[in-house]
$ cat query05.cif   # mmCIF, C-alpha atoms
data_target
#
loop_
_atom_site.label_atom_id
_atom_site.label_comp_id
_atom_site.auth_asym_id
_atom_site.auth_seq_id
_atom_site.Cartn_x
_atom_site.Cartn_y
_atom_site.Cartn_z
CA MET A 1319 70.63 108.40 92.60
CA GLN A 1320 71.92 111.97 92.93
CA ILE A 1321 75.26 111.99 94.77
CA PRO A 1322 76.03 115.14 96.82
CA ILE A 1323 79.15 117.09 95.98
CA PRO A 1324 81.53 116.74 98.95
CA ASN A 1325 81.98 120.01 100.81
CA VAL A 1326 85.36 118.94 102.17
CA PRO A 1327 88.90 119.19 100.73
CA GLN A 1328 89.54 116.22 98.47
CA VAL A 1329 92.51 113.87 98.53
CA PRO A 1330 94.31 114.16 95.15
CA LEU A 1331 93.48 111.63 92.47
CA LEU A 1332 95.87 108.71 92.12
CA THR A 1333 98.50 108.47 89.42
CA THR A 1334 98.73 105.58 86.98
CA GLU A 1335 101.71 104.25 88.94
CA GLN A 1336 99.79 104.37 92.22
CA ILE A 1337 96.83 102.49 90.76
CA ALA A 1338 99.16 99.85 89.32
CA GLN A 1339 100.77 99.46 92.75
CA PHE A 1340 97.35 99.19 94.40
CA LYS A 1341 96.29 96.47 91.98
CA ARG A 1342 99.50 94.52 92.47
CA ASP A 1343 99.87 94.81 96.24
CA GLY A 1344 96.22 95.23 97.28
CA TYR A 1345 96.97 98.34 99.35
CA LEU A 1346 98.40 101.83 99.01
CA VAL A 1347 99.63 104.25 101.72
CA LEU A 1348 98.88 107.95 101.20
CA PRO A 1349 100.85 109.90 103.86
CA ALA A 1350 99.29 112.95 105.55
CA VAL A 1351 96.57 113.59 102.95
CA LEU A 1352 93.72 114.47 105.33
CA ASP A 1353 92.90 117.91 106.75
CA PRO A 1354 95.13 118.50 109.85
CA GLU A 1355 92.46 120.63 111.54
CA ARG A 1356 89.83 117.89 111.15
CA CYS A 1357 92.32 115.38 112.55
CA ARG A 1358 92.86 117.64 115.56
CA GLN A 1359 89.11 117.96 116.08
CA VAL A 1360 88.65 114.18 116.08
CA ARG A 1361 91.52 113.77 118.56
CA ASP A 1362 90.00 116.39 120.86
CA ASP A 1363 86.60 114.69 120.62
CA MET A 1364 88.24 111.35 121.42
CA TRP A 1365 89.78 112.70 124.61
CA GLU A 1366 86.51 114.30 125.68
CA THR A 1367 84.90 110.88 125.29
CA ILE A 1368 87.69 109.10 127.17
CA THR A 1369 87.41 111.61 130.01
CA ALA A 1370 83.67 110.97 130.25
CA TYR A 1371 83.91 107.17 130.26
CA VAL A 1372 87.36 106.34 131.71
CA PRO A 1373 88.42 109.43 133.70
CA ARG A 1374 91.54 107.75 135.07
CA MET A 1375 93.15 108.22 131.64
CA GLN A 1376 94.74 111.66 131.49
CA ARG A 1377 95.64 113.15 128.11
CA ASP A 1378 98.94 114.63 129.31
CA ASP A 1379 100.04 111.53 131.26
CA PRO A 1380 100.75 108.39 129.18
CA SER A 1381 101.42 106.42 132.36
CA THR A 1382 97.63 106.44 132.93
CA TRP A 1383 96.87 104.84 129.54
CA GLY A 1384 96.86 101.32 130.90
CA PRO A 1385 94.59 98.54 129.58
CA LEU A 1386 90.91 98.49 130.44
CA THR A 1387 90.16 96.30 133.45
CA GLU A 1388 87.48 93.61 133.59
CA GLU A 1389 85.45 95.90 135.86
CA GLU A 1390 85.69 98.76 133.37
CA ASN A 1391 84.84 96.44 130.50
CA LYS A 1392 81.72 95.20 132.29
CA LYS A 1393 80.57 98.72 133.20
CA LEU A 1394 81.12 100.09 129.70
CA GLY A 1395 79.46 97.10 128.04
CA ALA A 1396 76.28 97.64 130.05
CA GLN A 1397 75.70 101.16 128.70
CA LEU A 1398 73.53 100.19 125.73
CA PRO A 1399 71.63 102.86 123.75
CA GLU A 1400 67.83 102.67 124.00
CA ILE A 1401 67.41 102.66 120.21
CA GLY A 1402 69.77 99.72 119.80
CA GLY A 1403 73.37 99.33 118.81
CA GLU A 1404 76.58 98.94 120.76
CA PRO A 1405 77.74 101.10 123.67
CA TYR A 1406 79.11 104.42 122.44
CA PHE A 1407 82.41 103.66 124.20
CA ASN A 1408 83.52 100.11 124.79
CA GLY A 1409 86.64 98.02 124.91
CA LYS A 1410 88.67 95.27 126.48
CA GLY A 1411 92.30 95.10 127.47
CA HIS A 1412 94.42 97.25 125.15
CA ARG A 1413 91.66 97.93 122.61
CA PHE A 1414 88.81 100.42 122.83
CA TYR A 1415 86.21 101.61 120.35
CA ILE A 1416 84.18 104.78 119.99
CA ARG A 1417 81.10 104.17 117.83
CA ASN A 1418 80.98 107.66 116.33
CA GLY A 1419 81.27 106.47 112.74
CA ALA A 1420 77.94 107.94 111.58
CA GLU A 1421 78.73 111.41 112.98
CA GLN A 1422 79.64 114.26 110.65
CA PRO A 1423 83.20 115.00 111.95
CA LEU A 1424 84.42 111.48 111.24
CA LEU A 1425 82.62 111.26 107.90
CA ASP A 1426 84.07 114.60 106.78
CA LEU A 1427 87.54 113.64 107.97
CA ALA A 1428 87.97 110.51 105.86
CA PRO A 1429 85.19 108.87 103.76
CA ARG A 1430 84.05 112.12 102.15
CA ALA A 1431 87.61 113.47 101.77
CA VAL A 1432 88.60 110.32 99.86
CA TRP A 1433 85.41 110.45 97.79
CA GLN A 1434 86.92 111.44 94.45
CA VAL A 1435 89.57 108.72 94.81
CA ALA A 1436 86.85 106.18 95.62
CA GLU A 1437 84.96 107.15 92.49
CA GLN A 1438 88.18 107.11 90.47
CA LEU A 1439 88.76 103.51 91.51
CA LEU A 1440 85.20 102.19 91.64
CA GLY A 1441 83.47 104.29 88.99
CA LYS A 1442 81.87 107.73 89.06
CA GLY A 1443 78.27 107.60 90.28
CA THR A 1444 78.56 103.96 91.39
CA VAL A 1445 79.37 104.43 95.09
CA VAL A 1446 76.99 104.76 98.05
CA TRP A 1447 77.22 108.22 99.65
CA PRO A 1448 77.84 108.20 103.46
CA GLU A 1449 75.04 110.45 104.70
CA GLY A 1450 75.38 109.55 108.37
CA HIS A 1451 72.54 109.48 110.89
CA ASP A 1452 69.34 111.53 110.97
CA ALA A 1453 67.75 113.47 113.85
CA SER A 1454 66.23 110.27 115.25
CA GLY A 1455 69.64 108.62 115.52
CA PHE A 1456 69.17 106.19 112.61
CA THR A 1457 71.00 105.71 109.34
CA THR A 1458 69.36 104.68 106.06
CA GLY A 1459 71.03 103.05 103.09
CA PRO A 1460 71.11 99.95 100.88
CA CYS A 1461 72.12 96.64 102.42
CA PHE A 1462 72.66 93.24 100.80
CA MET A 1463 71.00 90.81 103.22
CA CYS A 1464 73.26 87.78 103.05
CA ASP A 1465 73.86 85.44 106.01
CA ASP A 1466 77.10 87.26 106.76
CA THR A 1467 75.17 90.54 107.13
CA VAL A 1468 72.59 88.95 109.41
CA GLY A 1469 75.42 87.59 111.55
CA GLY A 1470 76.84 91.11 111.80
CA LEU A 1471 73.49 92.44 112.97
CA ALA A 1472 73.38 89.86 115.75
CA SER A 1473 76.89 90.82 116.90
CA HIS A 1474 76.36 94.58 117.00
CA LEU A 1475 72.71 95.32 117.82
CA GLY A 1476 72.06 93.66 121.16
CA GLU A 1477 68.38 93.10 121.97
CA ALA A 1478 67.38 95.31 119.04
CA VAL A 1479 68.37 92.46 116.70
CA LYS A 1480 64.91 90.99 117.32
CA LYS A 1481 63.52 93.65 114.97
CA TYR A 1482 65.71 92.44 112.11
CA PRO A 1483 65.76 89.36 109.84
CA GLU A 1484 67.00 86.06 111.27
CA LYS A 1485 68.23 84.63 107.98
CA GLY A 1486 69.87 86.08 104.92
CA SER A 1487 67.75 86.48 101.79
CA PHE A 1488 70.66 87.36 99.44
CA THR A 1489 68.61 90.32 98.22
CA THR A 1490 69.02 94.05 98.79
CA GLU A 1491 66.93 96.20 101.12
CA ALA A 1492 67.18 99.63 99.50
CA ASP A 1493 66.44 101.70 102.64
CA PHE A 1494 67.80 99.62 105.48
CA ARG A 1495 67.68 101.48 108.81
CA LEU A 1496 70.29 100.98 111.50
CA PRO A 1497 70.89 102.83 114.80
CA LYS A 1498 73.89 105.14 114.74
CA THR A 1499 76.04 102.95 117.03
CA GLY A 1500 75.04 99.78 115.20
CA PRO A 1501 76.89 98.23 112.23
CA VAL A 1502 76.40 101.31 110.04
CA TRP A 1503 79.10 100.10 107.67
CA LEU A 1504 76.60 97.51 106.41
CA ASN A 1505 74.46 100.17 104.71
CA GLY A 1506 77.39 102.42 103.83
CA GLN A 1507 76.37 105.24 106.17
CA GLY A 1508 79.23 105.32 108.59
CA THR A 1509 82.72 104.17 109.44
CA ARG A 1510 83.38 101.60 112.12
CA GLY A 1511 84.03 104.48 114.48
CA LEU A 1512 87.39 105.12 116.12
CA TYR A 1513 89.47 101.97 116.67
CA CYS A 1514 92.23 102.53 119.20
CA THR A 1515 95.09 100.45 120.62
CA LEU A 1516 96.65 101.45 123.92
CA PRO A 1517 100.44 101.40 124.45
CA ASN A 1518 102.38 98.19 125.02
CA SER A 1519 99.74 95.90 123.58
CA PRO A 1520 100.43 92.14 123.46
CA ALA A 1521 102.33 90.64 120.54
CA PRO A 1522 100.16 88.84 117.96
CA GLY A 1523 102.29 85.70 118.18
CA PRO A 1524 104.16 83.92 115.39
CA ASN A 1525 100.95 82.75 113.69
CA TYR A 1526 99.21 86.16 113.67
CA GLN A 1527 95.95 84.65 114.96
CA GLY A 1528 94.05 87.93 114.54
CA ALA A 1529 94.80 88.26 110.82
CA HIS A 1530 91.70 88.00 108.63
CA SER A 1531 90.05 89.01 105.37
CA ASP A 1532 86.92 91.11 105.89
CA GLY A 1533 83.51 89.58 105.32
CA ALA A 1534 82.37 87.26 102.59
CA CYS A 1535 83.55 87.39 98.98
CA TYR A 1536 79.97 88.15 97.91
CA GLY A 1537 78.66 91.64 98.66
CA ARG A 1538 79.24 95.20 97.46
CA TRP A 1539 82.45 96.13 99.29
CA ARG A 1540 85.44 96.43 97.03
CA MET A 1541 87.68 99.10 98.57
CA GLN A 1542 88.21 100.13 102.18
CA ILE A 1543 90.29 102.74 103.95
CA ALA A 1544 92.07 103.01 107.28
CA ALA A 1545 92.66 106.65 108.27
CA TYR A 1546 94.97 107.76 111.09
CA THR A 1547 93.89 110.76 113.14
CA ASP A 1548 97.25 111.18 114.90
CA ASP A 1549 100.90 110.56 114.13
CA LEU A 1550 101.60 106.84 113.99
CA PRO A 1551 105.27 105.80 113.99
CA ALA A 1552 106.40 102.34 112.92
CA ASN A 1553 105.54 99.48 115.31
CA SER A 1554 102.79 101.49 116.99
CA GLY A 1555 99.75 99.43 116.04
CA GLY A 1556 99.45 100.42 112.40
CA PHE A 1557 97.25 98.66 109.88
CA THR A 1558 99.19 95.52 108.93
CA VAL A 1559 98.73 93.81 105.55
CA TRP A 1560 100.03 90.83 103.61
CA PRO A 1561 100.86 92.22 100.14
CA GLY A 1562 99.22 90.45 97.21
CA SER A 1563 96.99 88.32 99.42
CA HIS A 1564 93.80 89.84 97.95
CA ALA A 1565 94.48 88.16 94.60
CA ARG A 1566 94.86 84.77 96.30
CA ILE A 1567 91.96 84.93 98.77
CA TRP A 1568 89.44 86.22 96.21
CA PRO A 1569 89.37 83.15 93.90
CA GLU A 1570 89.62 80.63 96.74
CA GLN A 1571 86.63 82.08 98.59
CA TRP A 1572 84.55 82.26 95.42
CA LYS A 1573 85.42 78.65 94.60
CA ALA A 1574 84.28 77.54 98.04
CA PHE A 1575 81.09 79.60 97.82
CA ASN A 1576 80.24 78.10 94.44
CA GLU A 1577 80.71 74.66 96.01
CA GLY A 1578 78.05 75.51 98.59
CA GLU A 1579 80.10 76.85 101.50
CA LYS A 1580 79.10 80.14 103.14
CA HIS A 1581 81.29 82.51 105.08
CA THR A 1582 79.15 81.80 108.15
CA ASP A 1583 79.51 78.00 108.14
CA LYS A 1584 81.17 77.86 111.55
CA HIS A 1585 80.20 74.22 112.05
CA LEU A 1586 82.83 73.14 109.53
CA LYS A 1587 86.14 71.95 110.96
CA VAL A 1588 88.00 73.42 108.01
CA ARG A 1589 86.55 76.28 105.96
CA LYS A 1590 87.79 77.56 102.64
CA ALA A 1591 85.53 80.61 102.39
CA GLY A 1592 86.81 82.76 105.20
CA GLY A 1593 87.70 82.79 108.83
CA TYR A 1594 91.06 83.16 110.48
CA ASN A 1595 92.60 79.84 109.54
CA ASP A 1596 91.33 78.77 106.14
CA PRO A 1597 93.98 76.91 104.09
CA GLU A 1598 94.89 79.78 101.76
CA ILE A 1599 95.29 82.21 104.65
CA LEU A 1600 97.64 79.78 106.37
CA ARG A 1601 99.69 79.51 103.19
CA ILE A 1602 99.85 83.31 102.87
CA LYS A 1603 101.07 83.65 106.44
CA ALA A 1604 103.78 81.08 105.71
CA ASP A 1605 105.13 82.59 102.49
CA THR A 1606 104.43 86.35 102.70
CA GLU A 1607 105.97 88.91 105.04
CA PRO A 1608 103.43 91.32 106.58
CA VAL A 1609 103.86 95.09 106.16
CA ASP A 1610 103.26 97.69 108.87
CA CYS A 1611 101.43 100.68 107.34
CA TYR A 1612 102.39 103.73 109.40
CA GLY A 1613 102.59 107.47 108.83
CA PRO A 1614 101.89 110.98 110.16
CA ALA A 1615 98.45 112.26 111.18
CA GLY A 1616 96.07 112.26 108.23
CA THR A 1617 97.62 109.21 106.56
CA VAL A 1618 95.18 107.00 104.65
CA VAL A 1619 95.70 103.35 103.74
CA LEU A 1620 93.63 102.22 100.74
CA TRP A 1621 93.07 98.46 100.63
CA HIS A 1622 91.24 95.87 98.59
CA THR A 1623 88.53 94.46 100.82
CA LYS A 1624 89.85 90.89 100.54
CA ILE A 1625 93.44 91.57 101.60
CA LEU A 1626 94.67 89.70 104.67
CA HIS A 1627 95.14 92.24 107.45
CA MET A 1628 95.08 92.98 111.16
CA ALA A 1629 95.78 95.77 113.65
CA GLY A 1630 99.46 95.67 114.52
CA GLN A 1631 101.05 95.51 117.94
CA ASN A 1632 101.46 98.89 119.61
CA GLN A 1633 104.97 98.73 121.04
CA ALA A 1634 105.06 102.46 121.89
CA ASN A 1635 104.98 103.69 125.48
CA ASP A 1636 103.34 107.06 124.80
CA MET A 1637 101.19 106.61 121.70
CA ILE A 1638 97.56 105.54 121.25
CA ARG A 1639 96.92 104.10 117.82
CA GLN A 1640 93.85 105.93 116.48
CA ALA A 1641 92.23 104.86 113.22
CA THR A 1642 88.85 104.85 111.55
CA ILE A 1643 87.90 102.24 108.95
CA TYR A 1644 85.38 102.64 106.16
CA GLY A 1645 84.29 100.43 103.28
CA TYR A 1646 82.94 101.98 100.09
CA LEU A 1647 79.87 100.15 98.79
CA LYS A 1648 78.86 99.82 95.16
CA THR A 1649 75.26 101.00 94.65
CA PRO A 1650 72.53 98.45 93.79
CA GLU A 1651 72.14 100.18 90.44
CA ALA A 1652 75.83 99.73 89.63
CA LEU A 1653 76.03 96.19 91.01
CA PRO A 1654 72.60 94.47 90.95
CA ASP A 1655 71.79 91.52 93.18
CA GLU A 1656 72.29 88.94 90.44
CA LEU A 1657 75.94 90.02 90.12
CA VAL A 1658 76.66 90.49 93.83
CA ALA A 1659 76.82 86.73 94.38
CA ASP A 1660 78.24 85.89 90.95
CA ASN A 1661 81.90 85.83 90.00
CA SER A 1662 81.63 83.36 87.14
CA ASP A 1663 84.25 85.14 85.07
CA GLY A 1664 86.72 85.10 87.96
CA ASP A 1665 87.78 88.71 87.40
CA ILE A 1666 88.73 90.40 90.68
CA TRP A 1667 88.54 93.83 88.97
CA ARG A 1668 85.18 93.37 87.21
CA ASP A 1669 83.34 95.88 89.42
CA TRP A 1670 86.02 98.58 89.36
CA SER A 1671 86.32 101.61 87.09
CA ASP A 1672 87.44 101.42 83.48
CA GLU A 1673 90.55 103.36 84.50
CA VAL A 1674 91.51 100.70 87.03
CA ARG A 1675 90.73 97.82 84.68
CA GLN A 1676 92.86 99.27 81.89
CA ILE A 1677 96.01 99.78 84.00
CA ASP A 1678 98.56 96.98 84.03
CA GLU A 1679 99.37 96.11 87.61
CA GLN A 1680 102.84 94.99 86.55
CA GLY A 1681 103.58 98.41 85.08
#
$ encode --input "query05.cif" --output "structure tokens"
Amino acid sequence: MQIPIPNVPQVPLLTTEQIAQFKRDGYLVLPAVLDPERCRQVRDDMWETITAYVPRMQRDDPSTWGPLTEEENKKLGAQLPEIGGEPYFNGKGHRFYIRNGAEQPLLDLAPRAVWQVAEQLLGKGTVVWPEGHDASGFTTGPCFMCDDTVGGLASHLGEAVKKYPEKGSFTTEADFRLPKTGPVWLNGQGTRGLYCTLPNSPAPGPNYQGAHSDGACYGRWRMQIAAYTDDLPANSGGFTVWPGSHARIWPEQWKAFNEGEKHTDKHLKVRKAGGYNDPEILRIKADTEPVDCYGPAGTVVLWHTKILHMAGQNQANDMIRQATIYGYLKTPEALPDELVADNSDGDIWRDWSDEVRQIDEQG
């Protein structure tokens, strides 16, 4: 597949020391690496959207940035696109989402700007290009149809899910079409949109109930990014990670999967292969201190897709945490179906670039 050359300024390639740190810790913070003007554009677009959907929130008056009410939540949730997908703007309490992830401004801001780093880490020519949506409002890209994917379709497509498979086949659909406000991260064509946390959000509690490891161990995601579109001081809702947890969750989930457990087996009282409270995740919470990843506008957090993470508490009074999240997918050519659900050699770095594999994470 011919990959377009990104027509956006590129984040500098990583050094050997940075790659070693990423391998060891499972994440890496790159402060202020994105285009400031593109960040400003996304912020302006965000406020135009807020004004259209929740006009009581005034950009120049933080006292109006209170949590979304039940009435607002109900009204916003009812505004479903005709072609399927989630409401363009939705939220509950202190969190709101703008499903603009397949639009060009957000794609140019982060996924395409980090493109050369993604290829450095995952292998040149092995990553799905984020094209975004077409004139009809749909995205097209490869999608590995496991049960976890099918569950994601049901959660994000509304009534339109009736057009899609009901059960995972564990095979790839090369040209899988999804509406632009649907789960466009499944076919690699968009970010999750803009994820925002309003000021003075509730504390996560001592057990960090919202902490999780994204998706199933099988699939084509290996690296993800969280990109901040505005300044984000410490303790303002930044991406929070448990260092080193990727290397512990990866083998445990594969072991459970090979024993017959799927990430979607919600009927089980105790699951090993995912969820918020599997045994290894509880052990990680008990013995590892979480890290708040903060930074100025344009900061990018690179993270291994299996790291334990969550959105932090926004303790600020006058700051809205604004982030977009994107997962880089390996192409079907680079990672065929028979290897997607196979980790027999146990190597967490098998599907990464030669450069990554050759660097000692202890260096």
$ resolve_selection --input "query05.cif" --expression "the PyMOL selection byres ((chain A and resi 1449) around 10)" --output "list in words"
Pro1322, Ala1420, Glu1421, Gln1422, Leu1425, Arg1430, Val1446, Trp1447, Pro1448, Gly1450, His1451, Asp1452, Thr1457, Thr1458, Gly1459, Gly1506, Gln1507 and Gly1508 of chain A
$ residues_around --input "query05.cif" --residues "stretch 1369-1376 of chain A" --least-positions-apart "6" --cutoff "8 Å" --atoms "all atoms listed in the file" --output "number ranges by chain"
A: 1382-1384, 1390, 1394, 1407
$ closest_residue --input "query05.cif" --among "A:Asp1655, A:Leu1352, A:Thr1582, A:Leu1471" --to "A:Glu1491" --atoms "all atoms listed in the file"
A:Asp1655
$ closest_residue --input "query05.cif" --among "A:Leu1386, A:Ile1543, A:Cys1461, A:Leu1496" --to "A:Tyr1646" --atoms "all atoms listed in the file"
A:Ile1543
$ atom_distance --input "query05.cif" --atom1 "atom CA of A:Ile1677" --atom2 "atom CA of A:Phe1340"
10.5 Å
$ residues_around --input "query05.cif" --residues "A:Leu1440" --least-positions-apart "3" --cutoff "6 Å" --atoms "only C-alpha atoms" --output "list in words"
Ala1436, Glu1437, Trp1670 and Ser1671 of chain A
$ closest_residue --input "query05.cif" --among "A:Gln1631, A:Thr1558, A:Thr1489, A:Gln1438" --to "A:Val1468" --atoms "all atoms listed in the file"
A:Thr1489
$ residues_around --input "query05.cif" --residues "A:Lys1648" --least-positions-apart "4" --cutoff "7 Å" --atoms "all atoms listed in the file" --output "mmCIF file with C-alpha atoms, keeping the file's coordinate frame"
data_model
loop_
_atom_site.group_PDB
_atom_site.id
_atom_site.type_symbol
_atom_site.label_atom_id
_atom_site.label_comp_id
_atom_site.auth_asym_id
_atom_site.auth_seq_id
_atom_site.Cartn_x
_atom_site.Cartn_y
_atom_site.Cartn_z
ATOM 1 C CA THR A 1444 78.560 103.960 91.390
ATOM 2 C CA VAL A 1445 79.370 104.430 95.090
ATOM 3 C CA VAL A 1446 76.990 104.760 98.050
ATOM 4 C CA ARG A 1538 79.240 95.200 97.460
ATOM 5 C CA TRP A 1539 82.450 96.130 99.290
ATOM 6 C CA ALA A 1652 75.830 99.730 89.630
ATOM 7 C CA LEU A 1653 76.030 96.190 91.010
#
$ closest_residue --input "query05.cif" --among "A:Leu1331, A:Ala1591, A:Ala1521, A:Ile1401" --to "A:Val1479" --atoms "all atoms listed in the file"
A:Ile1401
$ atom_distance --input "query05.cif" --atom1 "atom CA of A:Thr1515" --atom2 "atom CA of A:Gln1339"
28.5 Å
$ closest_residue --input "query05.cif" --among "A:Leu1346, A:Pro1354, A:Val1360, A:Gly1593" --to "A:His1581" --atoms "all atoms listed in the file"
A:Gly1593
$ resolve_selection --input "query05.cif" --expression "the PyMOL selection byres ((chain A and resi 1566) around 9)" --output "PyMOL selection string"
chain A and resi 1562-1565+1567-1571+1598-1599+1602+1624-1625
$ closest_residue --input "query05.cif" --among "A:Phe1456, A:Trp1365, A:Tyr1345, A:Phe1414" --to "A:Glu1400" --atoms "all atoms listed in the file"
A:Phe1456
$ resolve_selection --input "query05.cif" --expression "the PyMOL selection byres ((chain A and resi 1347) around 7)" --output "PyMOL selection string"
chain A and resi 1345-1346+1348-1349+1611+1618-1620
$ atom_distance --input "query05.cif" --atom1 "atom CA of A:Asp1636" --atom2 "atom CA of A:Pro1380"
5.3 Å
$ residues_around --input "query05.cif" --residues "A:Ala1478" --least-positions-apart "3" --cutoff "10 Å" --atoms "all atoms listed in the file" --output "VMD selection string"
chain A and resid 1399 to 1403 1471 to 1472 1474 to 1475 1481 to 1482 1496 to 1497 1500
$ axis_aligned_box --input "query05.cif" --around "stretch 1344-1351 of chain A" --padding-each-side "4 Å" --output "JSON"
{"center_x": 98.5, "center_y": 104.4, "center_z": 101.4, "size_x": 12.6, "size_y": 26.4, "size_z": 16.3}
$ residues_around --input "query05.cif" --residues "A:Glu1607" --least-positions-apart "5" --cutoff "9 Å" --atoms "only C-alpha atoms" --output "ChimeraX atom specification"
/A:1559-1561,1602
$ write_last_selection --input "query05.cif" --atoms "C-alpha atoms" --output "tab-separated table (two decimals), keeping the file's coordinate frame"
chain	number	residue	atom	x	y	z
A	1559	VAL	CA	98.73	93.81	105.55
A	1560	TRP	CA	100.03	90.83	103.61
A	1561	PRO	CA	100.86	92.22	100.14
A	1602	ILE	CA	99.85	83.31	102.87
